[in-house]
Each structure stands twice: as structure tokens, then as C-alpha cells.
file run.csv (CSV, N, CA and C atoms)
chain,number,residue,atom,x,y,z
A,1,MET,N,84.1,124.3,145.2
A,1,MET,CA,84.4,124.2,146.7
A,1,MET,C,84.2,125.6,147.3
A,2,PRO,N,83.6,125.6,148.5
A,2,PRO,CA,83.5,126.9,149.2
A,2,PRO,C,84.8,127.4,149.6
A,3,ASN,N,84.8,128.7,149.9
A,3,ASN,CA,86.0,129.4,150.4
A,3,ASN,C,86.0,129.2,151.9
A,4,TYR,N,86.9,128.4,152.4
A,4,TYR,CA,87.0,128.1,153.9
A,4,TYR,C,87.6,129.2,154.7
A,5,LYS,N,87.0,129.4,155.8
A,5,LYS,CA,87.5,130.4,156.7
A,5,LYS,C,88.8,129.9,157.4
A,6,LYS,N,89.5,130.7,158.1
A,6,LYS,CA,90.7,130.3,158.8
A,6,LYS,C,90.4,129.3,160.0
A,7,GLU,N,89.1,129.1,160.3
A,7,GLU,CA,88.8,128.3,161.4
A,7,GLU,C,88.7,126.8,161.0
A,8,VAL,N,88.9,126.5,159.8
A,8,VAL,CA,88.8,125.1,159.3
A,8,VAL,C,90.1,124.6,158.7
A,9,ILE,N,90.4,123.4,159.0
A,9,ILE,CA,91.5,122.7,158.3
A,9,ILE,C,90.9,121.7,157.3
A,10,SER,N,91.3,121.7,156.1
A,10,SER,CA,90.7,120.8,155.1
A,10,SER,C,91.9,119.9,154.5
A,11,ILE,N,91.6,118.6,154.6
A,11,ILE,CA,92.6,117.6,154.0
A,11,ILE,C,91.9,116.8,152.9
A,12,ASN,N,92.4,116.9,151.7
A,12,ASN,CA,91.7,116.3,150.6
A,12,ASN,C,92.6,115.1,150.0
A,13,ASN,N,91.9,114.1,149.5
A,13,ASN,CA,92.5,113.1,148.6
A,13,ASN,C,91.5,112.7,147.6
A,14,LYS,N,91.8,111.7,146.8
A,14,LYS,CA,90.9,111.4,145.7
A,14,LYS,C,89.6,110.8,146.1
A,15,ASP,N,89.5,110.1,147.3
A,15,ASP,CA,88.3,109.5,147.7
A,15,ASP,C,87.6,110.2,148.8
A,16,TYR,N,88.3,110.9,149.7
A,16,TYR,CA,87.7,111.4,150.9
A,16,TYR,C,88.3,112.8,151.2
A,17,ASP,N,87.5,113.6,151.9
A,17,ASP,CA,87.9,114.9,152.4
A,17,ASP,C,87.7,114.8,153.9
A,18,ILE,N,88.6,115.4,154.6
A,18,ILE,CA,88.5,115.5,156.1
A,18,ILE,C,88.5,117.0,156.4
A,19,PHE,N,87.5,117.4,157.2
A,19,PHE,CA,87.4,118.8,157.6
A,19,PHE,C,87.5,118.8,159.2
A,20,ILE,N,88.3,119.7,159.7
A,20,ILE,CA,88.5,119.8,161.1
A,20,ILE,C,88.2,121.2,161.5
A,21,GLY,N,87.3,121.4,162.5
A,21,GLY,CA,87.0,122.7,163.0
A,21,GLY,C,88.1,123.1,164.0
A,22,LYS,N,88.7,124.2,163.8
A,22,LYS,CA,89.8,124.7,164.7
A,22,LYS,C,89.3,125.4,166.0
A,23,ASN,N,88.0,125.8,165.9
A,23,ASN,CA,87.4,126.5,167.1
A,23,ASN,C,85.8,126.4,166.9
A,24,ALA,N,85.1,127.0,167.7
A,24,ALA,CA,83.6,126.9,167.7
A,24,ALA,C,83.1,127.3,166.3
A,25,LEU,N,83.6,128.4,165.7
A,25,LEU,CA,83.1,128.9,164.4
A,25,LEU,C,83.4,127.9,163.3
A,26,GLY,N,84.6,127.3,163.4
A,26,GLY,CA,85.0,126.3,162.4
A,26,GLY,C,84.2,125.0,162.6
A,27,ASN,N,83.9,124.6,163.8
A,27,ASN,CA,83.0,123.5,164.0
A,27,ASN,C,81.7,123.7,163.4
A,28,GLU,N,81.1,124.9,163.5
A,28,GLU,CA,79.8,125.1,162.9
A,28,GLU,C,79.9,125.2,161.4
A,29,GLU,N,81.0,125.8,160.9
A,29,GLU,CA,81.1,125.9,159.4
A,29,GLU,C,81.2,124.5,158.8
A,30,ILE,N,82.0,123.6,159.3
A,30,ILE,CA,82.1,122.3,158.7
A,30,ILE,C,80.7,121.5,158.7
A,31,ILE,N,80.0,121.7,159.7
A,31,ILE,CA,78.6,121.1,159.8
A,31,ILE,C,77.7,121.6,158.7
A,32,ASN,N,77.9,122.9,158.5
A,32,ASN,CA,77.0,123.6,157.5
A,32,ASN,C,77.4,123.3,156.0
A,33,ILE,N,78.7,123.1,155.8
A,33,ILE,CA,79.2,122.9,154.4
A,33,ILE,C,79.3,121.4,153.9
A,34,CYS,N,79.3,120.5,154.9
A,34,CYS,CA,79.4,119.1,154.5
A,34,CYS,C,78.1,118.4,154.2
A,35,HIS,N,78.2,117.4,153.3
A,35,HIS,CA,77.0,116.6,153.0
A,35,HIS,C,76.5,116.0,154.2
A,36,LYS,N,75.2,115.9,154.3
A,36,LYS,CA,74.5,115.4,155.5
A,36,LYS,C,74.7,113.9,155.7
A,37,GLU,N,75.2,113.1,154.7
A,37,GLU,CA,75.5,111.7,154.9
A,37,GLU,C,77.0,111.5,155.4
A,38,SER,N,77.7,112.6,155.4
A,38,SER,CA,79.1,112.5,155.9
A,38,SER,C,79.2,112.1,157.3
A,39,ILE,N,80.3,111.7,157.8
A,39,ILE,CA,80.5,111.2,159.2
A,39,ILE,C,81.1,112.3,160.1
A,40,TRP,N,80.5,112.6,161.2
A,40,TRP,CA,81.0,113.6,162.2
A,40,TRP,C,81.6,112.9,163.4
A,41,PHE,N,82.7,113.3,163.8
A,41,PHE,CA,83.4,112.7,165.0
A,41,PHE,C,83.6,113.8,166.1
A,42,HIS,N,83.7,113.3,167.3
A,42,HIS,CA,84.0,114.1,168.4
A,42,HIS,C,84.3,113.2,169.6
A,43,PHE,N,85.0,113.8,170.6
A,43,PHE,CA,85.3,113.0,171.8
A,43,PHE,C,84.1,113.1,172.7
A,44,ASP,N,83.8,112.0,173.4
A,44,ASP,CA,82.6,111.9,174.3
A,44,ASP,C,82.9,112.7,175.6
A,45,GLU,N,82.1,113.6,175.9
A,45,GLU,CA,82.0,114.3,177.2
A,45,GLU,C,83.2,115.3,177.4
A,46,ILE,N,84.0,115.6,176.4
A,46,ILE,CA,85.1,116.6,176.6
A,46,ILE,C,85.1,117.6,175.4
A,47,SER,N,85.6,118.7,175.6
A,47,SER,CA,85.7,119.7,174.5
A,47,SER,C,86.8,119.2,173.5
A,48,SER,N,86.5,119.2,172.3
A,48,SER,CA,87.4,118.8,171.2
A,48,SER,C,87.0,119.3,169.9
A,49,PRO,N,87.9,119.3,168.9
A,49,PRO,CA,87.5,119.7,167.6
A,49,PRO,C,86.5,118.8,167.0
A,50,HIS,N,85.6,119.3,166.1
A,50,HIS,CA,84.7,118.5,165.4
A,50,HIS,C,85.5,118.1,164.1
A,51,ILE,N,85.3,116.8,163.7
A,51,ILE,CA,86.0,116.3,162.5
A,51,ILE,C,84.9,115.7,161.6
A,52,ILE,N,84.9,116.0,160.3
A,52,ILE,CA,84.0,115.4,159.4
A,52,ILE,C,84.7,114.7,158.3
A,53,LEU,N,84.4,113.4,158.1
A,53,LEU,CA,84.9,112.6,157.0
A,53,LEU,C,83.9,112.6,155.9
A,54,GLU,N,84.2,113.1,154.8
A,54,GLU,CA,83.2,113.2,153.7
A,54,GLU,C,83.7,112.4,152.5
A,55,SER,N,82.8,111.5,152.0
A,55,SER,CA,83.1,110.6,150.9
A,55,SER,C,82.8,111.3,149.6
A,56,LYS,N,83.6,111.0,148.6
A,56,LYS,CA,83.3,111.5,147.3
A,56,LYS,C,82.6,110.4,146.5
A,57,GLY,N,82.3,109.3,147.1
A,57,GLY,CA,81.6,108.2,146.5
A,57,GLY,C,80.4,107.8,147.3
A,58,ASP,N,80.3,106.5,147.5
A,58,ASP,CA,79.2,105.9,148.3
A,58,ASP,C,79.5,105.8,149.8
A,59,ASP,N,79.3,104.7,150.4
A,59,ASP,CA,79.5,104.5,151.8
A,59,ASP,C,81.0,104.6,152.2
A,60,ILE,N,81.2,105.0,153.4
A,60,ILE,CA,82.6,105.1,153.9
A,60,ILE,C,82.9,103.8,154.7
A,61,PRO,N,84.0,103.0,154.3
A,61,PRO,CA,84.3,101.8,154.9
A,61,PRO,C,84.7,102.0,156.4
A,62,LYS,N,84.4,101.0,157.3
A,62,LYS,CA,84.7,101.1,158.7
A,62,LYS,C,86.1,101.4,159.0
A,63,GLU,N,87.0,100.9,158.1
A,63,GLU,CA,88.5,101.1,158.3
A,63,GLU,C,88.8,102.6,158.3
A,64,TYR,N,88.1,103.4,157.4
A,64,TYR,CA,88.3,104.8,157.4
A,64,TYR,C,87.8,105.5,158.7
A,65,LEU,N,86.7,105.0,159.2
A,65,LEU,CA,86.2,105.5,160.4
A,65,LEU,C,87.2,105.3,161.5
A,66,LYS,N,87.8,104.2,161.6
A,66,LYS,CA,88.8,103.9,162.6
A,66,LYS,C,90.1,104.7,162.4
A,67,LYS,N,90.5,104.9,161.2
A,67,LYS,CA,91.7,105.8,160.9
A,67,LYS,C,91.5,107.2,161.4
A,68,VAL,N,90.3,107.8,161.1
A,68,VAL,CA,90.0,109.1,161.5
A,68,VAL,C,89.9,109.2,163.0
A,69,GLY,N,89.3,108.2,163.6
A,69,GLY,CA,89.2,108.1,165.1
A,69,GLY,C,90.5,108.0,165.7
A,70,ASN,N,91.5,107.3,165.1
A,70,ASN,CA,92.8,107.2,165.7
A,70,ASN,C,93.6,108.5,165.6
A,71,ILE,N,93.4,109.2,164.5
A,71,ILE,CA,94.0,110.6,164.4
A,71,ILE,C,93.5,111.5,165.5
A,72,LEU,N,92.2,111.5,165.7
A,72,LEU,CA,91.6,112.3,166.8
A,72,LEU,C,92.1,111.9,168.2
A,73,TYR,N,92.1,110.6,168.4
A,73,TYR,CA,92.5,110.0,169.6
A,73,TYR,C,93.9,110.4,170.0
A,74,LEU,N,94.9,110.2,169.0
A,74,LEU,CA,96.3,110.5,169.3
A,74,LEU,C,96.4,112.0,169.6
A,75,TYR,N,95.7,112.9,168.9
A,75,TYR,CA,95.8,114.3,169.1
A,75,TYR,C,95.4,114.7,170.5
A,76,LEU,N,94.2,114.1,170.9
A,76,LEU,CA,93.7,114.5,172.2
A,76,LEU,C,94.3,113.8,173.4
A,77,GLN,N,94.9,112.6,173.1
A,77,GLN,CA,95.6,111.8,174.2
A,77,GLN,C,96.8,112.6,174.7
A,78,LYS,N,97.5,113.3,173.8
A,78,LYS,CA,98.6,114.1,174.2
A,78,LYS,C,98.1,115.3,175.0
A,79,LYS,N,97.0,115.9,174.5
A,79,LYS,CA,96.5,117.1,175.1
A,79,LYS,C,96.0,116.8,176.5
A,80,HIS,N,95.2,115.7,176.7
A,80,HIS,CA,94.6,115.4,178.0
A,80,HIS,C,95.4,114.4,178.8
A,81,LYS,N,96.4,113.9,178.3
A,81,LYS,CA,97.3,112.9,179.0
A,81,LYS,C,96.5,111.8,179.7
A,82,THR,N,95.6,111.2,178.9
A,82,THR,CA,94.8,110.1,179.5
A,82,THR,C,94.6,109.1,178.3
A,83,THR,N,94.3,107.9,178.7
A,83,THR,CA,93.9,106.9,177.7
A,83,THR,C,92.5,106.5,177.8
A,84,LYS,N,91.7,107.2,178.6
A,84,LYS,CA,90.3,106.8,178.8
A,84,LYS,C,89.4,107.7,178.1
A,85,LEU,N,89.7,107.9,176.8
A,85,LEU,CA,88.9,108.7,175.9
A,85,LEU,C,88.1,107.9,175.0
A,86,ARG,N,86.8,108.2,174.8
A,86,ARG,CA,85.9,107.6,173.8
A,86,ARG,C,85.6,108.5,172.7
A,87,ILE,N,85.6,108.0,171.5
A,87,ILE,CA,85.2,108.8,170.3
A,87,ILE,C,83.8,108.5,170.0
A,88,ILE,N,83.0,109.5,169.7
A,88,ILE,CA,81.6,109.3,169.2
A,88,ILE,C,81.6,109.7,167.8
A,89,TYR,N,80.7,109.1,167.0
A,89,TYR,CA,80.5,109.5,165.6
A,89,TYR,C,79.1,109.2,165.2
A,90,THR,N,78.6,110.0,164.2
A,90,THR,CA,77.3,109.8,163.6
A,90,THR,C,77.3,110.5,162.3
A,91,LYS,N,76.3,110.4,161.6
A,91,LYS,CA,76.2,111.2,160.3
A,91,LYS,C,75.9,112.6,160.6
A,92,VAL,N,76.3,113.5,159.7
A,92,VAL,CA,76.1,115.0,159.9
A,92,VAL,C,74.6,115.3,160.1
A,93,LYS,N,73.8,114.6,159.4
A,93,LYS,CA,72.3,114.8,159.5
A,93,LYS,C,71.8,114.6,160.9
A,94,ASN,N,72.6,114.0,161.8
A,94,ASN,CA,72.2,113.7,163.2
A,94,ASN,C,72.8,114.7,164.1
A,95,VAL,N,73.4,115.8,163.6
A,95,VAL,CA,74.1,116.8,164.4
A,95,VAL,C,73.3,118.1,164.2
A,96,GLU,N,72.8,118.6,165.3
A,96,GLU,CA,72.0,119.8,165.3
A,96,GLU,C,72.7,121.0,166.0
A,97,LEU,N,72.9,122.1,165.3
A,97,LEU,CA,73.5,123.2,165.9
A,97,LEU,C,72.6,123.9,166.9
A,98,THR,N,73.2,124.5,167.9
A,98,THR,CA,72.4,125.2,168.9
A,98,THR,C,72.7,126.7,168.9
A,99,GLU,N,72.1,127.4,169.7
A,99,GLU,CA,72.3,128.9,169.8
A,99,GLU,C,73.7,129.2,170.3
A,100,GLU,N,74.3,128.3,171.1
A,100,GLU,CA,75.7,128.5,171.6
A,100,GLU,C,76.7,128.0,170.6
A,101,PRO,N,77.5,128.9,170.0
A,101,PRO,CA,78.5,128.4,169.0
A,101,PRO,C,79.4,127.3,169.5
A,102,GLY,N,79.5,126.2,168.6
A,102,GLY,CA,80.3,125.1,169.0
A,102,GLY,C,79.6,124.0,169.7
A,103,THR,N,78.4,124.3,170.2
A,103,THR,CA,77.6,123.3,171.0
A,103,THR,C,76.6,122.7,170.1
A,104,VAL,N,76.4,121.4,170.1
A,104,VAL,CA,75.5,120.7,169.3
A,104,VAL,C,74.7,119.7,170.1
A,105,ILE,N,73.6,119.2,169.5
A,105,ILE,CA,72.7,118.2,170.0
A,105,ILE,C,72.9,117.0,169.0
A,106,ILE,N,73.2,115.8,169.5
A,106,ILE,CA,73.5,114.7,168.5
A,106,ILE,C,72.6,113.5,168.8
A,107,SER,N,72.3,112.8,167.8
A,107,SER,CA,71.5,111.6,168.0
A,107,SER,C,72.1,110.4,167.1
A,108,ASN,N,71.7,109.2,167.4
A,108,ASN,CA,72.1,108.0,166.7
A,108,ASN,C,73.7,107.9,166.7
A,109,ILE,N,74.3,108.0,167.9
A,109,ILE,CA,75.7,107.9,168.0
A,109,ILE,C,76.2,106.5,168.1
A,110,SER,N,77.5,106.3,167.6
A,110,SER,CA,78.2,105.1,167.7
A,110,SER,C,79.5,105.5,168.4
A,111,TYR,N,80.3,104.5,168.9
A,111,TYR,CA,81.5,104.7,169.6
A,111,TYR,C,82.7,104.0,169.0
A,112,ILE,N,83.8,104.6,169.0
A,112,ILE,CA,85.1,104.0,168.7
A,112,ILE,C,85.9,104.0,170.0
A,113,LYS,N,86.3,102.9,170.5
A,113,LYS,CA,87.1,102.8,171.7
A,113,LYS,C,88.6,102.8,171.5

call {"tool": "encode", "arguments": {"input": "run.csv", "output": "C-alpha cells"}}
result
Amino acid sequence: MPNYKKEVISINNKDYDIFIGKNALGNEEIINICHKESIWFHFDEISSPHIILESKGDDIPKEYLKKVGNILYLYLQKKHKTTKLRIIYTKVKNVELTEEPGTVIISNISYIK
């Protein structure tokens, strides 16, 4: 396992790892270190941490996508005091870093409401 910088929170269990970027540098780091088939999460149209759910096996069940989405939703609902937030997600291979730290170009997105 790589040596994570202080900009990343890592949560591990036997089946999945969750990586959370604490800032722009952490967001970039988790995109660079995670498997390209892992799932990347973010809030639609607002600044938020990037979260990646990485499987230690094959496909990630939809129930895990919803669980991670709920964690992100509850975190930002408190911060933004609104219930009108949408979560986007896609595979890491569909997330392209840009010249501006923390800013990405994404494709093939899906939504969790």
C-alpha cells in the first residue's frame, strides 16, 4: 500500500477500501492511486471531497454505492443545510485531472438522489 499523505482519509475493510480527499491535493492523490475500475463520487455542481470506493474483488454491488452516497450526502447536507443535493458517480477511468488542482473532467456519470 502506498504511503498516504495527510490530505487523504483511508477506511479499510476486508472487501472494500474507501478513500476520501480532504482537499484538492488529496482529491488528486486518490485518483492517481486507485484502480481505474473503482468508483469515484462527488456532489453535482458544488465543491465537495472526492470519494473513491475501491473493491478488493470483482464488481461493486449497487447497495455499496448507495451506502457511500449516503455517507457523502449526510456529511454535506449538514455543511450546506439543504436537501437538494445530487451525488454523481463514475469509474475512476472516467475522471480526468486538469491543470487546476482538485478540478476534474468527468464522463459517463450516473446519479444517486

call {"tool": "closest_residue", "arguments": {"input": "run.csv", "among": "A:Pro101, A:Pro61, A:Gly69, A:Pro49", "to": "A:Ile20", "atoms": "all atoms listed in the file"}}
result
A:Pro49

call {"tool": "closest_residue", "arguments": {"input": "run.csv", "among": "A:Ile11, A:Ala24, A:Leu74, A:Ile52", "to": "A:Thr103", "atoms": "only C-alpha atoms"}}
result
A:Ala24

call {"tool": "select_by_dssp", "arguments": {"input": "run.csv", "residues": "chain A", "states": "helix (DSSP H, G or I)", "output": "number ranges by chain"}}
result
A: 24-33, 62-80, 92-94

call {"tool": "atom_distance", "arguments": {"input": "run.csv", "atom1": "atom C of A:Asn27", "atom2": "atom CA of A:Ile39"}}
result
13.2 Å

call {"tool": "residues_around", "arguments": {"input": "run.csv", "residues": "A:Thr90", "least_positions_apart": "4", "cutoff": "6.5 Å", "atoms": "all atoms listed in the file", "output": "PDB file with N, CA and C atoms, keeping the file's coordinate frame"}}
result
ATOM      1  N   SER A  38      77.700 112.600 155.400  1.00  0.00           N
ATOM      2  CA  SER A  38      79.100 112.500 155.900  1.00  0.00           C
ATOM      3  C   SER A  38      79.200 112.100 157.300  1.00  0.00           C
ATOM      4  N   ILE A  39      80.300 111.700 157.800  1.00  0.00           N
ATOM      5  CA  ILE A  39      80.500 111.200 159.200  1.00  0.00           C
ATOM      6  C   ILE A  39      81.100 112.300 160.100  1.00  0.00           C
ATOM      7  N   TRP A  40      80.500 112.600 161.200  1.00  0.00           N
ATOM      8  CA  TRP A  40      81.000 113.600 162.200  1.00  0.00           C
ATOM      9  C   TRP A  40      81.600 112.900 163.400  1.00  0.00           C
ATOM     10  N   PHE A  41      82.700 113.300 163.800  1.00  0.00           N
ATOM     11  CA  PHE A  41      83.400 112.700 165.000  1.00  0.00           C
ATOM     12  C   PHE A  41      83.600 113.800 166.100  1.00  0.00           C
ATOM     13  N   ASN A  94      72.600 114.000 161.800  1.00  0.00           N
ATOM     14  CA  ASN A  94      72.200 113.700 163.200  1.00  0.00           C
ATOM     15  C   ASN A  94      72.800 114.700 164.100  1.00  0.00           C
ATOM     16  N   SER A 107      72.300 112.800 167.800  1.00  0.00           N
ATOM     17  CA  SER A 107      71.500 111.600 168.000  1.00  0.00           C
ATOM     18  C   SER A 107      72.100 110.400 167.100  1.00  0.00           C
ATOM     19  N   ASN A 108      71.700 109.200 167.400  1.00  0.00           N
ATOM     20  CA  ASN A 108      72.100 108.000 166.700  1.00  0.00           C
ATOM     21  C   ASN A 108      73.700 107.900 166.700  1.00  0.00           C
ATOM     22  N   ILE A 109      74.300 108.000 167.900  1.00  0.00           N
ATOM     23  CA  ILE A 109      75.700 107.900 168.000  1.00  0.00           C
ATOM     24  C   ILE A 109      76.200 106.500 168.100  1.00  0.00           C
ATOM     25  N   SER A 110      77.500 106.300 167.600  1.00  0.00           N
ATOM     26  CA  SER A 110      78.200 105.100 167.700  1.00  0.00           C
ATOM     27  C   SER A 110      79.500 105.500 168.400  1.00  0.00           C
TER      28      SER A 110
END

call {"tool": "decode", "arguments": {"input": "run.csv", "residues": "stretch 3-43 of chain A", "atoms": "C-alpha atoms", "output": "CSV table (one decimal), in the first residue's frame"}}
result
chain,number,residue,atom,x,y,z
A,3,ASN,CA,2.2,5.9,1.9
A,4,TYR,CA,-0.8,8.3,2.1
A,5,LYS,CA,-0.3,12.0,2.6
A,6,LYS,CA,-2.2,13.8,5.3
A,7,GLU,CA,-4.6,15.0,2.6
A,8,VAL,CA,-6.3,11.6,2.3
A,9,ILE,CA,-8.6,9.7,4.7
A,10,SER,CA,-8.4,5.9,4.2
A,11,ILE,CA,-11.1,3.5,5.5
A,12,ASN,CA,-10.4,-0.2,5.0
A,13,ASN,CA,-12.3,-3.4,5.5
A,14,LYS,CA,-11.9,-6.9,4.1
A,15,ASP,CA,-13.9,-6.3,0.9
A,16,TYR,CA,-13.6,-2.6,0.2
A,17,ASP,CA,-11.4,0.5,0.7
A,18,ILE,CA,-12.8,4.0,0.8
A,19,PHE,CA,-10.5,6.9,0.1
A,20,ILE,CA,-11.6,10.5,0.8
A,21,GLY,CA,-9.7,13.5,-0.4
A,22,LYS,CA,-9.5,16.1,2.3
A,23,ASN,CA,-8.5,18.9,-0.1
A,24,ALA,CA,-7.5,19.5,-3.7
A,25,LEU,CA,-4.2,17.6,-3.3
A,26,GLY,CA,-5.9,14.7,-1.6
A,27,ASN,CA,-8.5,14.6,-4.3
A,28,GLU,CA,-5.8,14.3,-6.9
A,29,GLU,CA,-3.9,11.7,-4.9
A,30,ILE,CA,-6.8,9.3,-4.6
A,31,ILE,CA,-7.5,9.5,-8.3
A,32,ASN,CA,-3.8,8.6,-9.0
A,33,ILE,CA,-3.5,5.7,-6.5
A,34,CYS,CA,-6.8,3.9,-7.0
A,35,HIS,CA,-7.6,1.3,-9.5
A,36,LYS,CA,-9.2,2.7,-12.7
A,37,GLU,CA,-12.3,0.4,-12.3
A,38,SER,CA,-13.0,1.8,-8.8
A,39,ILE,CA,-16.0,4.1,-8.3
A,40,TRP,CA,-15.5,7.9,-7.8
A,41,PHE,CA,-18.2,10.0,-6.1
A,42,HIS,CA,-18.8,13.7,-5.9
A,43,PHE,CA,-21.6,16.2,-5.4
